[in-house]
Amino acid sequence: MGFLCSSSSSSIVFKLGVSLVFLVSFSSYTPADAYDPLDPSGNITIKWDIITWTGDGYVATVTMYNFQQYRHIQAPGWTLGWSWAKREVIWGMNGGQTTEQGDCSKFKGTIPHCCKKTPSVVDLLPGTPYNQQVANCCRGGVINSWAQDPATAVSSFQLTVGQAGTTNKTVRVPKNFTLKAPGPGYTCGPGKIVKPSRFVGTDKRRVTQAMMTWNVTCTYSQFLAQRTPTCCVSLSSFYNSTIVPCPTCSCGCRNTSQPGNCVDSKGPRIASVVVPNTGKSLYVPPLVQCTNHMCPVRIHWHVKVNYKAYWRVKVTITNFNYNMNYSQWNLVVQHPNFDNLTQTFSFNYKPLIPYASINDTGILWGVKFYNDLLMQAGPYGNVQSELLFQKEASAFTLEKGWAFPRRIYFNGDNCVMPPPDSYPWLPNTASYKLIGSLFARIAGSISLLLTAFLHGIL
């Protein structure tokens with residue numbers, strides 16, 4: 001009977017253990033992997049407007065709108081792909097080009113621009129001749145975030161499609177849209193026919209509309225983009241000499257058996273292992289400096305000064321990636337005192353308010369032509385600024401890590417934070433008071449004993 005009870009108890013303990021492991025593993029799946037609470041409606045919307053009909057198809061303008069508040073597309077830029085529903089070909093393009101022409105051997109005379117069933121389109125580079133341009137093109141595929149600059153958060157190209165049908169009933173919406181920016185990360189839904197777009201003339205007195213319009217919505221997942229994080233956070237303060245580093249192996253661990261997975265910053269031949277991007281590949285894997293955290297980017301938050309009515313923070317962003325210059329970078333910080341941010345000294349700032357009643361998140365980015373380019377790893381691979389906050393008497397405190405951020409994103413990717421129990425803490429004043437009180441009592445007792453002893457002698 002005792003054996004049965006013991007076996008039953010062991011079974012229950014085993015099941016509880018399995019359940020606990022499942023819950024822990026499930027809790028490690030963060031919201032940033034599939035849904036971003038700081039930008040709940042962020043997406044890239046692709047609008048496909050048929051402007052006019054041709055003899056065997058149509059001319060369309062394709063426009064990408066980056067409605068993401070702080071996630072942008074950096075060099076070498078976006079690549080848009082799809083599958084034709086029928087046997088369409090692309091006769092010509094302006095403002096963009098396909099990466100491959102495909103097999104056009106069956107055509108005589110005029111050869112199409114692309115005959116592939118699954119074309120991939122990229123943006124043209126700056127300096128493209130004007131007769132090959134359209135509005136909002138030719139920036140090398142770079143699209144800014146909506147919060148940083150809405151005017152450059154749009155990219156367009158125009159294409160002439162043949163063998164496609166010449167009416168709304170015979171045209172078919174392409175399928176299987178893909179967006180690389182420049183690597184994976186975006187998932188695109190199906191094209192949905194919507195109300196035709198309307199266009200206001202330059203004189204503002206006439207409005208025209210597209211023959212047909214469909215939209216495609218693409219959303220981002222950090223988990224799809226890369227299985228490991230790309231940035232981490234370290235902390236320090238004026239009131240504690242402890243510097244809390246990025247957690248060990250935040251973005252991967254050093255592989256001592258494969259020395260080539262990182263670069264020693266003190267090595268004599270760094271330039272020999274840093275391979276420049278020749279443009280043949282859209283994605284260049286990071287080549288990082290050998291560190292304990294192995295992250296391409298580190299953000300350091302230092303609580304610098306505590307004034308009577310204000311407090312000051314210094315933020316430093318360091319690039320450990322030898323293969324990447326981060327252009328138009330941005331930093332998103334979540335902290336309850338952002339509703340009282342008074343001044344930023346060398347960064348641009350804009351509040352992000354995804355929920356109307358809460359203002360605890362801000363986006364920071366570099367000043368144009370000053371520090372909007374985070375250079376590759378090395379002596380110039382960092383940017384920094386200071387933030388001045390006004391104190392709110394009911395909330396401000398330096399205790400229990402309140403002065404440190406709750407969450408930090410770099411270029412839209414969630415950064416690894418140190419565990420809260422490792423944050424720099426205020427000196428324990430209660431312990432000092434206890435020690436002081438104990439010392440006073442000991443001193444008083446010694447004084448009484450000494451007095452009694454002297455009186456006894458006298």
# chains A, B, ... in the order shown; residues from 1 in each chain; ligands from 1
>>> closest_atom_pairs(of="region 124-238 of chain A", to="region 321-332 of chain A", cutoff="12 Å", atoms="only C-alpha atoms", output="CSV")
residue,atom,partner,partner_atom,distance
A:Val142,CA,A:Ser327,CA,9.5
A:Ile143,CA,A:Gln328,CA,9.6
A:Asn144,CA,A:Gln328,CA,7.4
A:Ser145,CA,A:Gln328,CA,9.0
A:Trp146,CA,A:Asn330,CA,11.7
A:Ala147,CA,A:Asn330,CA,10.0
A:Gln148,CA,A:Asn330,CA,8.4
A:Asp149,CA,A:Gln328,CA,10.1
A:Thr152,CA,A:Gln328,CA,11.2
A:Ala153,CA,A:Gln328,CA,11.8
A:Thr230,CA,A:Asn321,CA,10.2
A:Cys231,CA,A:Asn321,CA,10.7
A:Val233,CA,A:Leu331,CA,11.8
>>> write_last_selection(atoms="N, CA and C atoms", output="mmCIF file, in the first residue's frame")
data_model
loop_
_atom_site.group_PDB
_atom_site.id
_atom_site.type_symbol
_atom_site.label_atom_id
_atom_site.label_comp_id
_atom_site.auth_asym_id
_atom_site.auth_seq_id
_atom_site.Cartn_x
_atom_site.Cartn_y
_atom_site.Cartn_z
ATOM 1 N N VAL A 142 15.607 51.987 -49.458
ATOM 2 C CA VAL A 142 15.559 52.434 -48.062
ATOM 3 C C VAL A 142 14.237 53.160 -47.817
ATOM 4 N N ILE A 143 13.516 52.741 -46.786
ATOM 5 C CA ILE A 143 12.253 53.373 -46.416
ATOM 6 C C ILE A 143 12.322 53.739 -44.945
ATOM 7 N N ASN A 144 12.057 54.984 -44.636
ATOM 8 C CA ASN A 144 12.117 55.452 -43.256
ATOM 9 C C ASN A 144 10.903 54.985 -42.477
ATOM 10 N N SER A 145 10.978 55.094 -41.150
ATOM 11 C CA SER A 145 9.818 54.776 -40.319
ATOM 12 C C SER A 145 8.859 55.964 -40.319
ATOM 13 N N TRP A 146 7.601 55.671 -40.015
ATOM 14 C CA TRP A 146 6.561 56.703 -40.090
ATOM 15 C C TRP A 146 6.788 57.804 -39.057
ATOM 16 N N ALA A 147 7.267 57.451 -37.872
ATOM 17 C CA ALA A 147 7.478 58.457 -36.824
ATOM 18 C C ALA A 147 8.670 59.346 -37.136
ATOM 19 N N GLN A 148 9.721 58.803 -37.762
ATOM 20 C CA GLN A 148 10.908 59.596 -38.053
ATOM 21 C C GLN A 148 10.663 60.585 -39.184
ATOM 22 N N ASP A 149 10.080 60.134 -40.288
ATOM 23 C CA ASP A 149 9.867 61.023 -41.432
ATOM 24 C C ASP A 149 8.829 60.415 -42.364
ATOM 25 N N THR A 152 9.484 60.207 -46.295
ATOM 26 C CA THR A 152 10.369 59.198 -46.879
ATOM 27 C C THR A 152 9.995 57.791 -46.421
ATOM 28 N N ALA A 153 8.786 57.635 -45.879
ATOM 29 C CA ALA A 153 8.298 56.320 -45.466
ATOM 30 C C ALA A 153 7.477 55.674 -46.574
ATOM 31 N N THR A 230 19.370 40.864 -31.423
ATOM 32 C CA THR A 230 20.399 41.646 -32.128
ATOM 33 C C THR A 230 20.973 42.770 -31.276
ATOM 34 N N CYS A 231 20.484 42.934 -30.056
ATOM 35 C CA CYS A 231 20.975 44.032 -29.217
ATOM 36 C C CYS A 231 20.751 43.683 -27.751
ATOM 37 N N VAL A 233 21.243 45.475 -23.420
ATOM 38 C CA VAL A 233 21.262 46.694 -22.617
ATOM 39 C C VAL A 233 22.160 46.487 -21.400
#
>>> select_by_dssp(residues="region 121-277 of chain A", states="strand (DSSP E)", output="ChimeraX atom specification")
/A:121-123,154-162,175-180,186-188,192-194,198-200,207-209,212-220,231-237,240-244
>>> atom_distance(atom1="CA of Gln384 (chain A)", atom2="CA of Thr316 (chain A)")
4.3 Å
>>> closest_residue(among="A:Tyr355, A:Trp91, A:Phe238, A:Trp84", to="Phe107 (chain A)", atoms="only C-alpha atoms")
A:Trp91
>>> residues_around(residues="region 174-183 of chain A", least_positions_apart="2", cutoff="10 Å", atoms="only C-alpha atoms", output="PyMOL selection string")
chain A and resi 44+46+72-86+88+118+120-122+141-143+171-172+185-191+214+216-220+224-226+281-284
>>> closest_residue(among="A:Pro245, A:Gly165, A:Gly55, A:Pro351", to="His300 (chain A)", atoms="only C-alpha atoms")
A:Pro245
>>> residues_around(residues="Pro229 (chain A)", least_positions_apart="5", cutoff="8 Å", atoms="only C-alpha atoms", output="PyMOL selection string")
chain A and resi 250-251+295+413-416
>>> write_last_selection(atoms="all heavy atoms", output="PDB file, in the first residue's frame")
ATOM      1  N   SER A 250      23.787  36.988 -24.577  1.00  0.00           N
ATOM      2  CA  SER A 250      22.512  37.622 -24.946  1.00  0.00           C
ATOM      3  C   SER A 250      22.138  37.326 -26.392  1.00  0.00           C
ATOM      4  O   SER A 250      20.974  37.057 -26.708  1.00  0.00           O
ATOM      5  CB  SER A 250      22.595  39.141 -24.744  1.00  0.00           C
ATOM      6  OG  SER A 250      22.745  39.483 -23.400  1.00  0.00           O
ATOM      7  N   CYS A 251      23.116  37.405 -27.282  1.00  0.00           N
ATOM      8  CA  CYS A 251      22.852  37.202 -28.706  1.00  0.00           C
ATOM      9  C   CYS A 251      23.590  35.983 -29.252  1.00  0.00           C
ATOM     10  O   CYS A 251      23.726  35.827 -30.466  1.00  0.00           O
ATOM     11  CB  CYS A 251      23.253  38.444 -29.495  1.00  0.00           C
ATOM     12  SG  CYS A 251      22.466  39.971 -28.933  1.00  0.00           S
ATOM     13  N   CYS A 295      26.540  40.547 -29.016  1.00  0.00           N
ATOM     14  CA  CYS A 295      25.489  41.288 -29.725  1.00  0.00           C
ATOM     15  C   CYS A 295      26.100  42.281 -30.703  1.00  0.00           C
ATOM     16  O   CYS A 295      27.132  42.902 -30.407  1.00  0.00           O
ATOM     17  CB  CYS A 295      24.587  42.041 -28.746  1.00  0.00           C
ATOM     18  SG  CYS A 295      23.516  40.986 -27.758  1.00  0.00           S
ATOM     19  N   ASP A 413      13.891  46.089 -33.046  1.00  0.00           N
ATOM     20  CA  ASP A 413      14.108  44.787 -32.424  1.00  0.00           C
ATOM     21  C   ASP A 413      14.242  44.930 -30.909  1.00  0.00           C
ATOM     22  O   ASP A 413      14.976  45.801 -30.413  1.00  0.00           O
ATOM     23  CB  ASP A 413      15.361  44.118 -32.989  1.00  0.00           C
ATOM     24  CG  ASP A 413      15.146  43.615 -34.405  1.00  0.00           C
ATOM     25  OD1 ASP A 413      13.977  43.468 -34.806  1.00  0.00           O
ATOM     26  OD2 ASP A 413      16.143  43.379 -35.116  1.00  0.00           O
ATOM     27  N   ASN A 414      13.553  44.064 -30.191  1.00  0.00           N
ATOM     28  CA  ASN A 414      13.548  44.092 -28.735  1.00  0.00           C
ATOM     29  C   ASN A 414      14.912  43.673 -28.206  1.00  0.00           C
ATOM     30  O   ASN A 414      15.440  42.623 -28.580  1.00  0.00           O
ATOM     31  CB  ASN A 414      12.461  43.141 -28.219  1.00  0.00           C
ATOM     32  CG  ASN A 414      12.104  43.412 -26.773  1.00  0.00           C
ATOM     33  OD1 ASN A 414      12.653  44.308 -26.153  1.00  0.00           O
ATOM     34  ND2 ASN A 414      11.184  42.627 -26.245  1.00  0.00           N
ATOM     35  N   CYS A 415      15.503  44.500 -27.339  1.00  0.00           N
ATOM     36  CA  CYS A 415      16.841  44.239 -26.815  1.00  0.00           C
ATOM     37  C   CYS A 415      16.765  43.452 -25.505  1.00  0.00           C
ATOM     38  O   CYS A 415      15.817  43.594 -24.729  1.00  0.00           O
ATOM     39  CB  CYS A 415      17.597  45.547 -26.592  1.00  0.00           C
ATOM     40  SG  CYS A 415      17.823  46.537 -28.086  1.00  0.00           S
ATOM     41  N   VAL A 416      17.787  42.658 -25.257  1.00  0.00           N
ATOM     42  CA  VAL A 416      17.851  41.841 -24.044  1.00  0.00           C
ATOM     43  C   VAL A 416      18.227  42.722 -22.865  1.00  0.00           C
ATOM     44  O   VAL A 416      19.263  43.397 -22.882  1.00  0.00           O
ATOM     45  CB  VAL A 416      18.874  40.702 -24.214  1.00  0.00           C
ATOM     46  CG1 VAL A 416      18.967  39.869 -22.937  1.00  0.00           C
ATOM     47  CG2 VAL A 416      18.501  39.820 -25.400  1.00  0.00           C
TER      48      VAL A 416
END
>>> residues_around(residues="Leu352 (chain A)", least_positions_apart="5", cutoff="10 Å", atoms="only C-alpha atoms", output="ChimeraX atom specification")
/A:38-39,69-70,147,332-334,338,358-363
>>> residues_around(residues="Gln101 (chain A)", least_positions_apart="6", cutoff="10 Å", atoms="only C-alpha atoms", output="list in words")
Val89, Ile90, Ile111, Pro112, His113, Cys114, Cys115, Lys116, Pro119 and Ser120 of chain A
>>> residues_around(residues="Lys368 (chain A)", least_positions_apart="3", cutoff="10 Å", atoms="only C-alpha atoms", output="PyMOL selection string")
chain A and resi 328+347-348+365+371-373
>>> write_last_selection(atoms="N, CA and C atoms", output="PDB file, in the first residue's frame")
ATOM      1  N   GLN A 328      20.053  55.951 -40.385  1.00  0.00           N
ATOM      2  CA  GLN A 328      18.713  56.302 -39.922  1.00  0.00           C
ATOM      3  C   GLN A 328      18.252  55.383 -38.790  1.00  0.00           C
ATOM      4  N   PHE A 347      19.895  64.070 -29.684  1.00  0.00           N
ATOM      5  CA  PHE A 347      19.026  63.142 -30.399  1.00  0.00           C
ATOM      6  C   PHE A 347      17.705  63.836 -30.690  1.00  0.00           C
ATOM      7  N   ASN A 348      17.047  63.423 -31.748  1.00  0.00           N
ATOM      8  CA  ASN A 348      15.655  63.814 -31.960  1.00  0.00           C
ATOM      9  C   ASN A 348      14.758  62.941 -31.100  1.00  0.00           C
ATOM     10  N   TRP A 365      16.166  59.300 -32.271  1.00  0.00           N
ATOM     11  CA  TRP A 365      16.980  59.025 -33.463  1.00  0.00           C
ATOM     12  C   TRP A 365      17.964  60.158 -33.680  1.00  0.00           C
ATOM     13  N   ASN A 371      24.709  62.761 -36.263  1.00  0.00           N
ATOM     14  CA  ASN A 371      24.878  61.430 -35.684  1.00  0.00           C
ATOM     15  C   ASN A 371      23.757  60.475 -36.108  1.00  0.00           C
ATOM     16  N   ASP A 372      23.194  60.706 -37.321  1.00  0.00           N
ATOM     17  CA  ASP A 372      22.153  59.802 -37.811  1.00  0.00           C
ATOM     18  C   ASP A 372      22.735  58.534 -38.433  1.00  0.00           C
ATOM     19  N   LEU A 373      24.065  58.441 -38.514  1.00  0.00           N
ATOM     20  CA  LEU A 373      24.739  57.245 -39.027  1.00  0.00           C
ATOM     21  C   LEU A 373      25.581  56.650 -37.903  1.00  0.00           C
TER      22      LEU A 373
END
>>> closest_residue(among="A:Trp48, A:Phe157, A:Tyr65, A:Phe199", to="Gln97 (chain A)", atoms="only C-alpha atoms")
A:Phe157
>>> select_by_dssp(residues="region 45-262 of chain A", states="alpha helix (DSSP H)", output="PyMOL selection string")
chain A and resi 222-225
>>> atom_distance(atom1="CA of Asn168 (chain A)", atom2="CA of Met212 (chain A)")
6.7 Å
>>> closest_residue(among="A:Gln222, A:Ser237, A:Thr228, A:Asn306", to="His293 (chain A)", atoms="only C-alpha atoms")
A:Thr228
>>> atom_distance(atom1="CA of Asn319 (chain A)", atom2="CA of Met375 (chain A)")
7.1 Å
>>> closest_residue(among="A:Thr45, A:Thr248, A:Asn240, A:Thr128", to="Val303 (chain A)", atoms="only C-alpha atoms")
A:Asn240
